[in-house]
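Data file: protein_25.txt. Format and content: compact mmCIF, C-alpha atoms.
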```
# COMPACT_ATOMS: atom_id res chain seq x y z
CA MET A 3 24.50 5.54 -19.64
CA LYS A 4 24.88 8.82 -17.80
CA LEU A 5 26.80 11.62 -19.47
CA THR A 6 30.18 12.35 -17.89
CA LEU A 7 29.71 14.81 -15.07
CA ASP A 8 32.11 17.75 -15.25
CA LEU A 9 31.02 20.42 -12.82
CA SER A 10 34.06 22.69 -13.34
CA LEU A 11 32.07 25.60 -14.75
CA TYR A 12 28.32 25.24 -14.40
CA LEU A 13 26.14 27.82 -16.14
CA VAL A 14 22.66 28.41 -14.73
CA LEU A 15 20.62 29.99 -17.52
CA ASP A 16 18.07 32.39 -16.08
CA PRO A 17 16.11 34.13 -18.85
CA ASP A 18 16.01 37.42 -16.94
CA LEU A 19 19.78 37.70 -17.23
CA CYS A 20 20.76 35.27 -19.96
CA GLY A 21 19.43 36.57 -23.24
CA GLY A 22 15.70 36.79 -22.47
CA ASP A 23 14.11 34.90 -25.35
CA VAL A 24 14.95 31.40 -26.52
CA GLN A 25 17.25 32.52 -29.33
CA GLY A 26 19.17 34.81 -26.99
CA MET A 27 19.52 32.09 -24.38
CA VAL A 28 20.82 29.59 -26.89
CA ALA A 29 23.35 32.13 -28.17
CA THR A 30 24.49 32.88 -24.61
CA ALA A 31 24.82 29.18 -23.79
CA VAL A 32 26.78 28.36 -26.93
CA ALA A 33 29.16 31.29 -26.39
CA ALA A 34 29.64 30.31 -22.76
CA VAL A 35 30.44 26.73 -23.76
CA ALA A 36 33.00 28.01 -26.27
CA GLY A 37 34.55 29.82 -23.30
CA GLY A 38 34.75 26.69 -21.18
CA VAL A 39 31.35 26.07 -19.55
CA THR A 40 31.03 22.32 -18.92
CA ILE A 41 27.34 21.92 -18.00
CA VAL A 42 24.21 24.04 -18.48
CA GLN A 43 21.06 24.28 -16.37
CA LEU A 44 17.82 25.92 -17.47
CA ARG A 45 16.12 27.72 -14.58
CA ALA A 46 13.15 29.96 -15.37
CA PRO A 47 10.90 30.12 -12.30
CA LYS A 48 8.62 32.77 -13.82
CA TRP A 49 7.95 30.89 -17.04
CA LYS A 50 4.93 28.80 -18.00
CA LYS A 51 5.82 25.33 -19.17
CA ARG A 52 5.16 25.71 -22.88
CA GLN A 53 7.99 28.24 -22.92
CA TRP A 54 10.17 25.89 -20.85
CA VAL A 55 9.70 23.14 -23.42
CA SER A 56 10.56 25.45 -26.35
CA ALA A 57 13.71 26.71 -24.68
CA ALA A 58 14.78 23.27 -23.48
CA GLN A 59 14.32 21.78 -26.95
CA ALA A 60 16.35 24.54 -28.58
CA LEU A 61 19.10 24.30 -25.97
CA LYS A 62 19.32 20.55 -26.38
CA VAL A 63 19.70 20.86 -30.14
CA ALA A 64 22.52 23.37 -29.57
CA LEU A 65 24.29 21.57 -26.71
CA ASP A 66 24.09 17.92 -27.75
CA PRO A 67 26.65 18.27 -30.57
CA LEU A 68 28.96 20.03 -28.10
CA ASN A 69 28.56 17.09 -25.69
CA ILE A 70 27.39 19.45 -22.93
CA PRO A 71 24.67 18.08 -20.63
CA LEU A 72 21.45 20.10 -20.30
CA ILE A 73 19.99 19.99 -16.79
CA ILE A 74 16.39 21.07 -16.15
CA ASN A 75 15.61 22.81 -12.88
CA ASP A 76 12.58 21.60 -10.93
CA HIS A 77 10.30 20.52 -13.81
CA ILE A 78 10.86 16.81 -14.33
CA ASP A 79 7.99 16.65 -16.83
CA VAL A 80 9.86 19.10 -19.06
CA ALA A 81 13.10 17.13 -18.64
CA LEU A 82 11.38 13.91 -19.68
CA LEU A 83 9.72 15.54 -22.70
CA VAL A 84 12.95 16.91 -24.15
CA ASN A 85 15.08 13.97 -22.98
CA ALA A 86 17.39 16.27 -21.05
CA ALA A 87 20.59 14.87 -19.56
CA GLY A 88 19.27 15.43 -16.06
CA VAL A 89 17.30 17.41 -13.51
CA HIS A 90 18.19 19.59 -10.57
CA VAL A 91 15.89 19.83 -7.55
CA GLY A 92 15.86 22.00 -4.46
CA GLN A 93 14.87 21.13 -0.93
CA GLN A 94 11.27 22.21 -1.58
CA ASP A 95 10.99 20.57 -4.99
CA ILE A 96 10.15 16.94 -5.69
CA ALA A 97 12.19 14.77 -3.31
CA PRO A 98 15.31 13.12 -4.82
CA GLU A 99 13.96 9.59 -4.34
CA MET A 100 10.80 10.50 -6.28
CA ALA A 101 12.74 12.43 -8.91
CA ARG A 102 14.92 9.37 -9.49
CA GLN A 103 11.80 7.22 -9.78
CA LEU A 104 10.54 9.47 -12.60
CA ILE A 105 13.79 9.91 -14.51
CA GLY A 106 15.10 6.37 -14.22
CA PRO A 107 18.67 5.29 -13.41
CA TYR A 108 20.53 6.90 -16.30
CA LYS A 109 19.86 10.62 -16.00
CA LEU A 110 21.88 13.03 -13.86
CA LEU A 111 20.25 14.22 -10.65
CA GLY A 112 21.43 17.26 -8.73
CA LEU A 113 20.21 18.48 -5.35
CA SER A 114 20.58 21.92 -3.74
CA THR A 115 21.88 22.02 -0.17
CA SER A 116 22.67 24.94 2.08
CA ASN A 117 23.82 23.56 5.43
CA ALA A 118 25.46 20.61 7.18
CA GLU A 119 22.14 18.96 8.01
CA GLN A 120 21.03 18.96 4.38
CA LEU A 121 24.43 17.71 3.25
CA ALA A 122 24.29 14.81 5.70
CA ALA A 123 20.81 13.88 4.47
CA VAL A 124 21.72 13.58 0.77
CA PRO A 125 20.84 10.09 -0.50
CA LEU A 126 24.21 9.23 -2.04
CA ASP A 127 22.95 6.29 -4.09
CA ILE A 128 20.33 8.47 -5.77
CA VAL A 129 21.89 11.91 -6.25
CA ASP A 130 24.82 12.49 -8.66
CA TYR A 131 25.97 15.86 -7.38
CA ILE A 132 25.02 18.59 -4.96
CA GLY A 133 24.84 22.32 -5.26
CA VAL A 134 26.08 24.04 -2.10
CA GLY A 135 25.13 27.62 -1.46
CA PRO A 136 24.57 30.43 -1.49
CA VAL A 137 28.25 30.81 -0.62
CA PHE A 138 28.03 34.56 -1.15
CA ALA A 139 25.11 36.99 -1.38
CA THR A 140 23.21 36.74 -4.66
CA GLY A 141 20.59 38.82 -6.37
CA THR A 142 19.60 36.23 -8.95
CA LYS A 143 17.66 33.83 -6.73
CA LEU A 144 14.92 35.47 -4.74
CA ASP A 145 14.12 32.53 -2.47
CA ALA A 146 17.75 31.74 -1.61
CA SER A 147 18.76 30.38 1.81
CA PRO A 148 21.04 32.33 4.21
CA VAL A 149 24.57 33.00 2.94
CA ILE A 150 27.11 30.34 3.97
CA GLY A 151 30.40 32.19 3.57
CA LEU A 152 33.73 30.81 2.41
CA GLU A 153 34.89 29.51 5.79
CA GLU A 154 31.75 27.48 6.47
CA PHE A 155 31.74 26.34 2.85
CA ALA A 156 35.24 24.90 3.30
CA LYS A 157 34.03 23.00 6.40
CA LEU A 158 31.09 21.58 4.43
CA MET A 159 33.45 20.45 1.68
CA GLN A 160 35.47 18.45 4.23
CA THR A 161 32.42 16.33 5.05
CA LYS A 162 31.14 15.75 1.52
CA THR A 163 31.33 12.37 -0.21
CA ILE A 164 29.73 13.40 -3.50
CA PRO A 165 30.67 15.89 -6.24
CA ALA A 166 29.73 19.42 -5.18
CA VAL A 167 29.35 22.66 -7.06
CA ALA A 168 29.52 25.98 -5.23
CA ILE A 169 26.76 28.46 -6.06
CA GLY A 170 25.67 31.94 -5.06
CA GLY A 171 27.36 35.26 -5.78
CA ILE A 172 30.34 33.66 -7.50
CA GLY A 173 32.41 35.70 -9.92
CA LEU A 174 35.94 36.30 -11.03
CA GLY A 175 38.33 36.41 -8.06
CA ARG A 176 36.36 33.86 -6.06
CA VAL A 177 36.79 30.72 -8.12
CA ALA A 178 40.31 29.76 -7.01
CA ALA A 179 39.43 29.97 -3.32
CA LEU A 180 36.31 27.86 -3.79
CA ARG A 181 38.20 25.18 -5.73
CA ALA A 182 40.92 25.25 -3.09
CA ALA A 183 38.23 24.79 -0.44
CA GLY A 184 37.14 21.58 -2.15
CA ALA A 185 34.47 22.56 -4.66
CA ASP A 186 34.42 20.35 -7.75
CA GLY A 187 33.19 23.34 -9.68
CA VAL A 188 31.41 26.67 -9.53
CA ALA A 189 27.93 27.56 -10.73
CA VAL A 190 27.29 31.05 -12.03
CA VAL A 191 24.51 33.10 -13.54
CA SER A 192 25.40 36.78 -13.74
CA ALA A 193 29.17 36.22 -13.86
CA ILE A 194 28.60 34.95 -17.39
CA CYS A 195 25.13 36.10 -18.43
CA GLY A 196 25.47 39.61 -17.07
CA GLN A 197 28.71 40.24 -18.98
CA ALA A 198 29.15 41.92 -22.34
CA ASP A 199 31.04 38.92 -23.73
CA PRO A 200 29.82 35.63 -22.23
CA GLN A 201 32.52 33.60 -23.97
CA GLN A 202 35.32 35.74 -22.59
CA ALA A 203 33.68 35.81 -19.15
CA ALA A 204 33.50 32.00 -19.11
CA GLN A 205 37.09 31.74 -20.25
CA ALA A 206 38.34 34.01 -17.47
CA LEU A 207 36.41 32.01 -14.84
CA ARG A 208 37.71 28.77 -16.28
CA LEU A 209 41.30 29.96 -16.25
CA GLU A 210 41.03 31.05 -12.64
CA GLY A 211 39.95 27.59 -11.58
CA ALA A 212 42.16 25.67 -14.00
CA ASP A 213 45.29 25.06 -11.99
CA ILE A 214 43.59 23.82 -8.86
CA MET B 23 -8.86 2.10 -18.17
CA LYS B 24 -9.85 5.71 -17.70
CA LEU B 25 -12.10 6.58 -14.81
CA THR B 26 -15.63 7.54 -15.81
CA LEU B 27 -15.73 11.24 -16.55
CA ASP B 28 -18.55 13.05 -14.78
CA LEU B 29 -18.04 16.78 -15.07
CA SER B 30 -21.38 17.75 -13.44
CA LEU B 31 -19.80 19.50 -10.47
CA TYR B 32 -16.07 20.03 -10.77
CA LEU B 33 -14.25 21.36 -7.72
CA VAL B 34 -10.98 23.23 -8.31
CA LEU B 35 -9.09 23.13 -5.03
CA ASP B 36 -7.02 26.28 -4.61
CA PRO B 37 -5.21 26.32 -1.25
CA ASP B 38 -5.74 30.05 -0.78
CA LEU B 39 -9.49 29.48 -0.59
CA CYS B 40 -9.90 25.79 0.08
CA GLY B 41 -8.63 25.06 3.55
CA GLY B 42 -5.03 26.30 3.25
CA ASP B 43 -3.01 23.35 4.53
CA VAL B 44 -3.20 19.78 3.30
CA GLN B 45 -5.49 18.59 6.10
CA GLY B 46 -7.89 21.48 5.50
CA MET B 47 -7.94 20.86 1.76
CA VAL B 48 -8.69 17.18 2.22
CA ALA B 49 -11.51 18.01 4.63
CA THR B 50 -12.96 20.53 2.17
CA ALA B 51 -12.74 18.08 -0.72
CA VAL B 52 -14.37 15.23 1.20
CA ALA B 53 -17.20 17.47 2.40
CA ALA B 54 -17.72 18.79 -1.12
CA VAL B 55 -17.88 15.26 -2.51
CA ALA B 56 -20.46 14.37 0.13
CA GLY B 57 -22.47 17.29 -1.24
CA GLY B 58 -22.26 16.08 -4.82
CA VAL B 59 -18.90 17.11 -6.31
CA THR B 60 -18.02 14.60 -9.04
CA ILE B 61 -14.39 15.44 -9.83
CA VAL B 62 -11.60 17.32 -8.01
CA GLN B 63 -8.66 19.26 -9.38
CA LEU B 64 -5.66 20.42 -7.34
CA ARG B 65 -4.42 23.85 -8.50
CA ALA B 66 -1.82 25.60 -6.36
CA PRO B 67 0.22 27.93 -8.60
CA LYS B 68 2.10 29.46 -5.67
CA TRP B 69 3.25 26.14 -4.19
CA LYS B 70 6.60 24.43 -4.54
CA LYS B 71 6.35 20.86 -5.72
CA ARG B 72 7.14 19.05 -2.48
CA GLN B 73 3.95 20.55 -1.09
CA TRP B 74 2.07 19.60 -4.26
CA VAL B 75 3.11 15.99 -3.84
CA SER B 76 2.06 15.91 -0.16
CA ALA B 77 -1.34 17.40 -0.91
CA ALA B 78 -1.92 15.23 -3.97
CA GLN B 79 -1.03 12.06 -2.07
CA ALA B 80 -3.38 12.93 0.78
CA LEU B 81 -6.19 13.87 -1.61
CA LYS B 82 -5.77 10.64 -3.54
CA VAL B 83 -6.00 8.56 -0.36
CA ALA B 84 -9.22 10.42 0.55
CA LEU B 85 -10.82 10.46 -2.92
CA ASP B 86 -9.98 6.98 -4.27
CA PRO B 87 -12.41 5.16 -1.93
CA LEU B 88 -15.12 7.63 -2.98
CA ASN B 89 -14.39 6.85 -6.65
CA ILE B 90 -13.76 10.53 -7.38
CA PRO B 91 -10.98 11.29 -9.89
CA LEU B 92 -8.17 13.58 -8.78
CA ILE B 93 -6.88 15.84 -11.56
CA ILE B 94 -3.54 17.65 -11.23
CA ASN B 95 -3.25 21.10 -12.76
CA ASP B 96 -0.17 21.80 -14.89
CA HIS B 97 2.42 19.59 -13.13
CA ILE B 98 2.50 16.27 -14.96
CA ASP B 99 5.47 15.11 -12.91
CA VAL B 100 3.36 15.40 -9.76
CA ALA B 101 0.46 13.59 -11.43
CA LEU B 102 2.72 10.71 -12.44
CA LEU B 103 4.25 10.44 -8.98
CA VAL B 104 0.94 10.13 -7.16
CA ASN B 105 -0.75 8.18 -9.96
CA ALA B 106 -3.50 10.77 -10.24
CA ALA B 107 -6.51 10.07 -12.46
CA GLY B 108 -5.50 12.80 -14.85
CA VAL B 109 -4.01 16.20 -15.58
CA HIS B 110 -5.39 19.54 -16.68
CA VAL B 111 -3.34 21.90 -18.81
CA GLY B 112 -3.82 25.48 -19.98
CA GLN B 113 -2.89 27.05 -23.29
CA GLN B 114 0.53 28.10 -21.91
CA ASP B 115 1.25 24.79 -20.16
CA ILE B 116 2.71 21.67 -21.74
CA ALA B 117 0.90 21.08 -25.06
CA PRO B 118 -1.82 18.37 -25.01
CA GLU B 119 0.06 16.10 -27.43
CA MET B 120 3.12 16.17 -25.19
CA ALA B 121 1.06 15.79 -22.03
CA ARG B 122 -0.57 12.68 -23.50
CA GLN B 123 2.84 11.33 -24.39
CA LEU B 124 3.88 11.60 -20.74
CA ILE B 125 0.70 10.27 -19.10
CA GLY B 126 -0.05 7.48 -21.55
CA PRO B 127 -3.43 6.56 -23.01
CA TYR B 128 -5.35 5.78 -19.83
CA LYS B 129 -5.31 8.98 -17.81
CA LEU B 130 -7.79 11.83 -18.19
CA LEU B 131 -6.57 14.95 -19.95
CA GLY B 132 -8.33 18.30 -19.71
CA LEU B 133 -7.50 21.48 -21.61
CA SER B 134 -8.49 25.07 -20.86
CA THR B 135 -9.98 27.06 -23.72
CA SER B 136 -11.36 30.58 -23.81
CA ASN B 137 -12.46 31.34 -27.36
CA ALA B 138 -13.72 29.81 -30.62
CA GLU B 139 -10.23 29.54 -32.09
CA GLN B 140 -8.90 27.56 -29.15
CA LEU B 141 -12.00 25.33 -29.17
CA ALA B 142 -11.54 24.55 -32.85
CA ALA B 143 -7.88 23.66 -32.25
CA VAL B 144 -8.54 21.05 -29.52
CA PRO B 145 -7.03 17.69 -30.55
CA LEU B 146 -10.13 15.55 -30.01
CA ASP B 147 -8.32 12.23 -30.07
CA ILE B 148 -6.00 13.35 -27.29
CA VAL B 149 -8.04 15.51 -24.92
CA ASP B 150 -10.89 14.05 -22.82
CA TYR B 151 -12.64 17.27 -21.87
CA ILE B 152 -12.26 21.01 -22.12
CA GLY B 153 -12.69 23.79 -19.62
CA VAL B 154 -14.36 26.83 -21.18
CA GLY B 155 -14.04 30.19 -19.51
CA PRO B 156 -13.89 32.45 -17.77
CA VAL B 157 -17.65 32.67 -18.43
CA PHE B 158 -18.02 35.32 -15.74
CA ALA B 159 -15.51 37.56 -13.96
CA THR B 160 -13.42 35.73 -11.39
CA GLY B 161 -11.07 36.76 -8.63
CA THR B 162 -9.55 33.32 -8.07
CA LYS B 163 -7.37 33.08 -11.17
CA LEU B 164 -5.04 36.01 -11.64
CA ASP B 165 -3.90 35.19 -15.18
CA ALA B 166 -7.40 34.50 -16.52
CA SER B 167 -8.38 35.33 -20.13
CA PRO B 168 -11.08 37.94 -21.00
CA VAL B 169 -14.59 37.13 -19.77
CA ILE B 170 -16.72 35.23 -22.31
CA GLY B 171 -20.24 35.95 -21.06
CA LEU B 172 -23.24 33.60 -21.14
CA GLU B 173 -24.37 34.43 -24.67
CA GLU B 174 -20.97 33.75 -26.27
CA PHE B 175 -20.58 30.68 -24.06
CA ALA B 176 -23.82 29.25 -25.48
CA LYS B 177 -22.49 29.81 -29.00
CA LEU B 178 -19.27 28.00 -28.15
CA MET B 179 -21.26 25.09 -26.75
CA GLN B 180 -23.07 24.72 -30.09
CA THR B 181 -19.76 24.04 -31.85
CA LYS B 182 -18.21 21.68 -29.31
CA THR B 183 -17.74 17.97 -29.98
CA ILE B 184 -16.16 17.06 -26.64
CA PRO B 185 -17.35 17.23 -23.01
CA ALA B 186 -17.05 20.76 -21.70
CA VAL B 187 -17.10 22.24 -18.23
CA ALA B 188 -17.89 25.92 -17.70
CA ILE B 189 -15.52 27.82 -15.42
CA GLY B 190 -15.06 31.33 -14.06
CA GLY B 191 -17.21 33.22 -11.59
CA ILE B 192 -19.79 30.45 -11.34
CA GLY B 193 -22.03 30.28 -8.29
CA LEU B 194 -25.55 29.52 -7.24
CA GLY B 195 -28.09 30.99 -9.65
CA ARG B 196 -25.86 30.50 -12.67
CA VAL B 197 -25.67 26.72 -12.94
CA ALA B 198 -29.03 26.06 -14.59
CA ALA B 199 -28.41 28.59 -17.36
CA LEU B 200 -24.96 27.16 -18.08
CA ARG B 201 -26.26 23.60 -18.23
CA ALA B 202 -29.13 24.78 -20.46
CA ALA B 203 -26.54 26.45 -22.71
CA GLY B 204 -24.88 23.08 -23.20
CA ALA B 205 -22.25 22.78 -20.47
CA ASP B 206 -21.67 19.21 -19.32
CA GLY B 207 -20.82 20.59 -15.92
CA VAL B 208 -19.62 23.57 -13.96
CA ALA B 209 -16.27 24.13 -12.29
CA VAL B 210 -16.12 26.18 -9.12
CA VAL B 211 -13.63 27.33 -6.54
CA SER B 212 -15.07 29.96 -4.23
CA ALA B 213 -18.70 28.85 -4.67
CA ILE B 214 -17.74 25.82 -2.58
CA CYS B 215 -14.44 26.66 -0.87
CA GLY B 216 -15.41 30.16 0.14
CA GLN B 217 -18.60 28.99 1.85
CA ALA B 218 -19.11 28.22 5.54
CA ASP B 219 -20.43 24.73 4.75
CA PRO B 220 -18.78 23.26 1.62
CA GLN B 221 -21.03 20.18 1.66
CA GLN B 222 -24.21 22.24 1.69
CA ALA B 223 -22.79 24.61 -0.92
CA ALA B 224 -22.00 21.70 -3.23
CA GLN B 225 -25.45 20.22 -2.66
CA ALA B 226 -27.18 23.46 -3.59
CA LEU B 227 -25.11 23.79 -6.78
CA ARG B 228 -25.79 20.17 -7.64
CA LEU B 229 -29.53 20.55 -7.13
CA GLU B 230 -29.65 23.62 -9.35
CA GLY B 231 -28.09 21.69 -12.22
CA ALA B 232 -29.85 18.40 -11.54
CA ASP B 233 -32.94 18.63 -13.70
CA ILE B 234 -31.20 19.79 -16.86
```
Can you turn what I pasted into structure tokens?
Amino acid sequence: MKLTLDLSLYLVLDPDLCGGDVQGMVATAVAAVAGGVTIVQLRAPKWKKRQWVSAAQALKVALDPLNIPLIINDHIDVALLVNAAGVHVGQQDIAPEMARQLIGPYKLLGLSTSNAEQLAAVPLDIVDYIGVGPVFATGTKLDASPVIGLEEFAKLMQTKTIPAVAIGGIGLGRVAALRAAGADGVAVVSAICGQADPQQAAQALRLEGADI
Amino acid sequence: MKLTLDLSLYLVLDPDLCGGDVQGMVATAVAAVAGGVTIVQLRAPKWKKRQWVSAAQALKVALDPLNIPLIINDHIDVALLVNAAGVHVGQQDIAPEMARQLIGPYKLLGLSTSNAEQLAAVPLDIVDYIGVGPVFATGTKLDASPVIGLEEFAKLMQTKTIPAVAIGGIGLGRVAALRAAGADGVAVVSAICGQADPQQAAQALRLEGADI
């Protein structure tokens, strides 16, 4: 069966910001989960795959007992090897239909979208959730699409028929508005990883979105 | 069953040199096969995976009727999706044991090696062939290991117990010496792709290695 999907506070672990080496990333992830992170994605576009496998294995060992799903960005081969909970693909990655073919029916599949056309094209019987963004300007994804903005994001949320997580430039002070606009959760990198205390940072983000 | 492994003339298709778009790469590969190329690898480190899948599918359609195996570099997920003949991994890619686990027993598996230590560590029951190089200086692989040189290459060939293809800076005038040193074949990029007539270029390389 698929793990329960709770997108409330979605941590995207990028090694450049989130602890650097495997040990540091695991420590960051575990602290963030203690602070309220509900799902963790490994995204390391600069890494070779042997490093991906090491990090993914270590993260899985740390996150499984906490019942937190580990999602692998882009590399389905890595996800299969470590038996990750799911994969997340972008519009230029392996197409969702093909990704589903590789991972089978029981793993989570996320898809990045950044406009109404891409939202309308999401294969709802194949994809479990969508990322929608970048809502705000971000420095942590170099090949990001144009910024959507909060107003347009709210419009997109009115058309969605699938769980959606907001992503891109999200930090404290922006969570409540995004949840109010219809986001099922928020995805962050630097708002947790770039902070002195990742656990406290996660907790503050969680609290801001809690009463929506 | 595995396809017959003939490493004699191994074309590594890099889009930067080999035709650029998918149509151009297919045309280059087909011409090269007409000139005597025996095996083709797709290697496009700068590409996103949707493009990989498109190119791999088109290459497979073109190469299958010619009975030429298509090998996918690094991305085992792409290889599985297009049912490629095999995969090729480097020392920093997914480890051979794990790659074999993903592709099953019947697909070809190649491994890059660049020194005696790496050659001695090759799992012979798992890997079908090794690449050995760079034998000479090359401009087509930016993260290449130190150059081996012909003399050291010949020493490595004396210790090998698995089919080996020489790679790195190989062109006309170097094939005969490499085959004489014990290489089962030579792998080239620019010696075919960078030439005005890829078919003729392949033919000339093939002829040089033919009487060894």
Determine, using only C-alpha atoms, which residues of chain A have any atom at most 9 Å from an atom of chain B, and tabulate each with its shortest atom pair and distance in Å to one decimal place, rows ordered by chain and then rising number, as a Markdown table.
```
| residue | atom | partner | partner_atom | distance |
| --- | --- | --- | --- | --- |
| A:Lys50 | CA | B:Asp115 | CA | 5.9 |
| A:Lys51 | CA | B:Asp115 | CA | 4.7 |
| A:Arg52 | CA | B:Asp115 | CA | 4.9 |
| A:Gln53 | CA | B:Gln114 | CA | 7.5 |
| A:Trp54 | CA | B:Ile116 | CA | 8.6 |
| A:Val55 | CA | B:Ile116 | CA | 7.3 |
| A:Asp76 | CA | B:Lys71 | CA | 8.2 |
| A:His77 | CA | B:Asp99 | CA | 7.3 |
| A:Ile78 | CA | B:Asp99 | CA | 5.8 |
| A:Asp79 | CA | B:Asp99 | CA | 4.9 |
| A:Val80 | CA | B:Ile116 | CA | 8.1 |
| A:Leu82 | CA | B:Leu124 | CA | 7.9 |
| A:Leu83 | CA | B:Met120 | CA | 7.1 |
| A:Gln93 | CA | B:Arg72 | CA | 8.2 |
| A:Gln94 | CA | B:Arg72 | CA | 5.3 |
| A:Asp95 | CA | B:Lys71 | CA | 4.7 |
| A:Ile96 | CA | B:Arg72 | CA | 4.9 |
| A:Ala97 | CA | B:Arg72 | CA | 6.7 |
| A:Met100 | CA | B:Leu103 | CA | 7.1 |
| A:Ala101 | CA | B:Asp99 | CA | 8.7 |
| A:Gln103 | CA | B:Leu103 | CA | 8.2 |
| A:Leu104 | CA | B:Leu103 | CA | 7.3 |
```
Which centre and which edge lengths, in Å to one decimal, describe the axis-aligned box that holds all listed atoms of stretch 96-115 of chain A after 8 Å is added on each side, as AutoDock Vina command-line options?
```
--center_x 16.0 --center_y 13.7 --center_z -8.2 --size_x 27.7 --size_y 32.7 --size_z 32.1
```
- [ ] Identify the residues within 12 Å of coordinate (-17.0, 25.4, -9.9) (same frame as the file), considering only C-alpha atoms, and give the answer as a PyMOL selection string.
- [x] chain B and resi 29-36+54+58-63+153-158+160+162+187-194+196-197+200+207-216+220+223-224+227-228+231
TODO: Take the point (-5.4, 16.1, -25.5) in the file's coordinates, draw a sphere of radius 9 Å around it, and report as a PyMOL selection string every protein, DNA or RNA residue with an atom inside or on it, counting all atoms listed in the file.
DONE: chain B and resi 117-122+130-133+144-151
Selection file, C-alpha atoms, as an mmCIF file, in the frame of the given file:
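Result file follows (out-v6.cif):
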```
data_model
loop_
_atom_site.group_PDB
_atom_site.id
_atom_site.type_symbol
_atom_site.label_atom_id
_atom_site.label_comp_id
_atom_site.auth_asym_id
_atom_site.auth_seq_id
_atom_site.Cartn_x
_atom_site.Cartn_y
_atom_site.Cartn_z
ATOM 1 C CA ALA B 117 0.900 21.080 -25.060
ATOM 2 C CA PRO B 118 -1.820 18.370 -25.010
ATOM 3 C CA GLU B 119 0.060 16.100 -27.430
ATOM 4 C CA MET B 120 3.120 16.170 -25.190
ATOM 5 C CA ALA B 121 1.060 15.790 -22.030
ATOM 6 C CA ARG B 122 -0.570 12.680 -23.500
ATOM 7 C CA LEU B 130 -7.790 11.830 -18.190
ATOM 8 C CA LEU B 131 -6.570 14.950 -19.950
ATOM 9 C CA GLY B 132 -8.330 18.300 -19.710
ATOM 10 C CA LEU B 133 -7.500 21.480 -21.610
ATOM 11 C CA VAL B 144 -8.540 21.050 -29.520
ATOM 12 C CA PRO B 145 -7.030 17.690 -30.550
ATOM 13 C CA LEU B 146 -10.130 15.550 -30.010
ATOM 14 C CA ASP B 147 -8.320 12.230 -30.070
ATOM 15 C CA ILE B 148 -6.000 13.350 -27.290
ATOM 16 C CA VAL B 149 -8.040 15.510 -24.920
ATOM 17 C CA ASP B 150 -10.890 14.050 -22.820
ATOM 18 C CA TYR B 151 -12.640 17.270 -21.870
#
```
Task: atom CA of A:Leu44 to atom CA of A:Asp66, distance in Å rounded to a single decimal - done: 14.5 Å
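One finds atom CA of A:Ala64 at 10.4 Å from atom CA of A:Val35.
The coordinates place atom CA of B:Gln217 at 25.0 Å from atom CA of B:Ala202.
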Open item on the list: Taking 3 positions as the minimum chain separation for residues in the same chain, which residues sit within 12 Å of A:Gln25 when counting only C-alpha atoms? Answer as a ChimeraX atom specification.
Closed with: /A:17,20-22,28-32,56-61,63-64
